[in-house]
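**Student:** I am attaching a structure below and will ask some questions about it afterwards.
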Amino acid sequence: MTELLSPAGSFESAVAAFNGGADAVYLGMSDFSARKGARNFTRDELLRLKSESVERKRKIFVTMNTVIKESEFAAALETVSFLNEIEIDALILQDIGLARAVKELFPDLSLHASTQMAVHTVEGAENIKNIGFSRVVLSRELPIEKIVEIRKKVPDIELEVFIHGALCYSFSGLCLASGMILDRSGNRGECAQICRSYYDMDGRDGYYFSCNDLVLKEKIRLLVDAGINSLKIEGRMKSPQYVFHTAAL
């Protein structure tokens with residue numbers, strides 16, 4: 001059965017997602033999250049949500065999807081140890097070094113490859129599988145045809161696909177503009193989203209780099225029939241009301 005996965009930038013948003021019909025939520029904590037601007041979760045809040053999810057038979061995926069500095073590695077592993085102890089359903093990672101350490105130290109913890117890894121080819125999905133990931137979150141910029149091709153050619157890894165929400169001007173995880181211009185790296189959870197800014201160029205003004213949001217509602221049946229495992233809604237910066245209604249639709 002295909003899973004509906006909703007964003008949870010806060011405890012209230014997670015509950016709203018469950019109320020709206022989501023099968024699972026993805027969330028971040030105060031550190032190592034690619035959405036530092038979200039309210040995110042304390043450990044106590046995550047424990048409360050874990051109890052809620054068990055009672056409702058829903059799942060929790062935790063994102064640690066930033067690039068990890070060497071000086072942060074011990075703290076990152078301590079966080080993973082806590083997440084493993086409370087038995088979250090999966091850990092979403094970008095950093096391959098951290099992924100290898102997690103596989104060695106916590107072999108029973110399911111790993112999902114973040115969209116920040118920019119997996120958009122058959123070869124990329126195969127490499128992710130060989131590293132030890134059980135699921136890959138494909139680049140949200142992929143056309144339907146490419147998603148279906150990857151599903152056919154790499155049948156033994158779970159595929160997660162964005163169906164609603166914001167699009168990056170570049171491939172997620174590969175855009176360096178925010179880091180180079182403003183010293184706010186998207187791979188460190190600090191993207192300034194300058195592609196969504198208003199520009200004045202040669203006397204003309206407008207949102208020249210802002211993409212239309214992704215809306216694949218009409219393509220959901222095709223993705224389900226193709227065997228996609230999880231349909232993902234973007235929006236950890238969004239309100240609980242937004243999360244509820246997008247899940248309910």
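All residue names refer to the structure tokens as shown: chains lettered A, B, ... in order, residues numbered from 1 in each chain, ligands numbered from 1 in order.
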Residues at most 12 Å from Glu123 of chain A, counting only C-alpha atoms, excluding those fewer than 6 positions away in the same chain, as a PyMOL selection string?

**Tutor:** chain A and resi 129-130+149-151+153-154

**Student:** For N, CA and C atoms, I'd like the residues from the last selection saved as a PDB file, in the first residue's frame.

**Tutor:**
ATOM      1  N   LYS A 129      21.252   2.223  -2.800  1.00  0.00           N
ATOM      2  CA  LYS A 129      20.883   0.893  -2.299  1.00  0.00           C
ATOM      3  C   LYS A 129      22.121   0.149  -1.814  1.00  0.00           C
ATOM      4  N   ASN A 130      23.209   0.210  -2.572  1.00  0.00           N
ATOM      5  CA  ASN A 130      24.427  -0.510  -2.216  1.00  0.00           C
ATOM      6  C   ASN A 130      25.086   0.032  -0.951  1.00  0.00           C
ATOM      7  N   GLU A 149      10.834   5.069 -14.788  1.00  0.00           N
ATOM      8  CA  GLU A 149      11.994   4.305 -15.255  1.00  0.00           C
ATOM      9  C   GLU A 149      12.829   3.796 -14.086  1.00  0.00           C
ATOM     10  N   ILE A 150      13.088   4.668 -13.109  1.00  0.00           N
ATOM     11  CA  ILE A 150      13.871   4.260 -11.937  1.00  0.00           C
ATOM     12  C   ILE A 150      13.148   3.147 -11.187  1.00  0.00           C
ATOM     13  N   ARG A 151      11.841   3.281 -11.054  1.00  0.00           N
ATOM     14  CA  ARG A 151      11.068   2.238 -10.360  1.00  0.00           C
ATOM     15  C   ARG A 151      11.199   0.893 -11.066  1.00  0.00           C
ATOM     16  N   LYS A 153      13.640  -0.158 -13.109  1.00  0.00           N
ATOM     17  CA  LYS A 153      15.005  -0.679 -13.212  1.00  0.00           C
ATOM     18  C   LYS A 153      15.673  -0.921 -11.862  1.00  0.00           C
ATOM     19  N   VAL A 154      15.116  -0.340 -10.797  1.00  0.00           N
ATOM     20  CA  VAL A 154      15.664  -0.584  -9.447  1.00  0.00           C
ATOM     21  C   VAL A 154      14.503  -1.018  -8.554  1.00  0.00           C
TER      22      VAL A 154
END

**Student:** Name the residues of segment 65-120 of chain A that fall into strand (DSSP E or B) according to DSSP on the backbone, using the chain letters and numbers of this document, as a list in words.

**Tutor:**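 DSSP on the backbone gives strand (DSSP E or B) at Ala90, Leu91, Ile92, Leu93, Leu111, His112 and Ala113 of chain A.
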
**Student:** Which polymer residues have any atom within 10 Å of an atom of Leu109 of chain A, counting only C-alpha atoms, with same-chain residues fewer than 2 positions away left out, as a list in words?

**Tutor:** Val80, Ser81, Leu83, Asn84, Glu85, Glu87, Ile88, Asp89, Ala90, Leu91, Val102, Lys103, Leu105, Phe106, Pro107, Leu111, His112, Phe133 and Ser134 of chain A

**Student:** Would you compute the distance between atom CA of Val137 of chain A and atom CA of Met1 of chain A? Give it in Å to one decimal.

**Tutor:**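 For atom CA of Val137 of chain A relative to atom CA of Met1 of chain A, the distance reads 17.2 Å.
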
**Student:** Which residues come within 10 Å of Arg135 of chain A, counting only C-alpha atoms, excluding same-chain residues fewer than 4 positions away, as a list in words?

**Tutor:**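 Selected residues are Ala90, Ile92, Ser110, Leu111, His112, Ala113, Ser114, Ala125, Ile128, Lys129, Asp156, Ile157, Glu158, Leu159, Glu160, Asn229 and Ser230 of chain A.
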
**Student:** Smallest atom-to-atom distance to Gly28 of chain A: which of A:Met237, A:Cys175, A:Ile163, A:Ile131, using only C-alpha atoms?

**Tutor:**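 Of all the options, A:Met237 lies closest to Gly28 of chain A.
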
**Student:** Enumerate the residues of segment 8-244 of chain A with a DSSP assignment of helix (DSSP H, G or I), computed from the backbone, and present them as a PyMOL selection string.

**Tutor:** chain A and resi 11-20+43-56+70-85+96-105+115-117+122-131+144-153+177-182+186-188+194-196+217-226+240-244

**Student:** Nearest to Asp31 of chain A: which of A:Arg204, A:Arg188, A:His120, A:Arg236 is it, counting only C-alpha atoms?

**Tutor:**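 Closest residue, counting only C-alpha atoms: A:Arg188.
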
**Student:** I'd like to know which of A:Ser210, A:Gln241, A:Ser139, A:Thr42 is closest to Arg196 of chain A, using only C-alpha atoms.

**Tutor:**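 Closest residue, counting only C-alpha atoms: A:Ser210.
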
**Student:** For atom CA of Leu93 of chain A and atom CA of Lys69 of chain A, quote the distance in Å rounded to one decimal.

**Tutor:** 13.8 Å

**Student:** Return the single residue from A:Phe73, A:Tyr26, A:Phe171, A:Phe244 that is closest to Lys232 of chain A, with distances computed using only C-alpha atoms.

**Tutor:** A:Tyr26
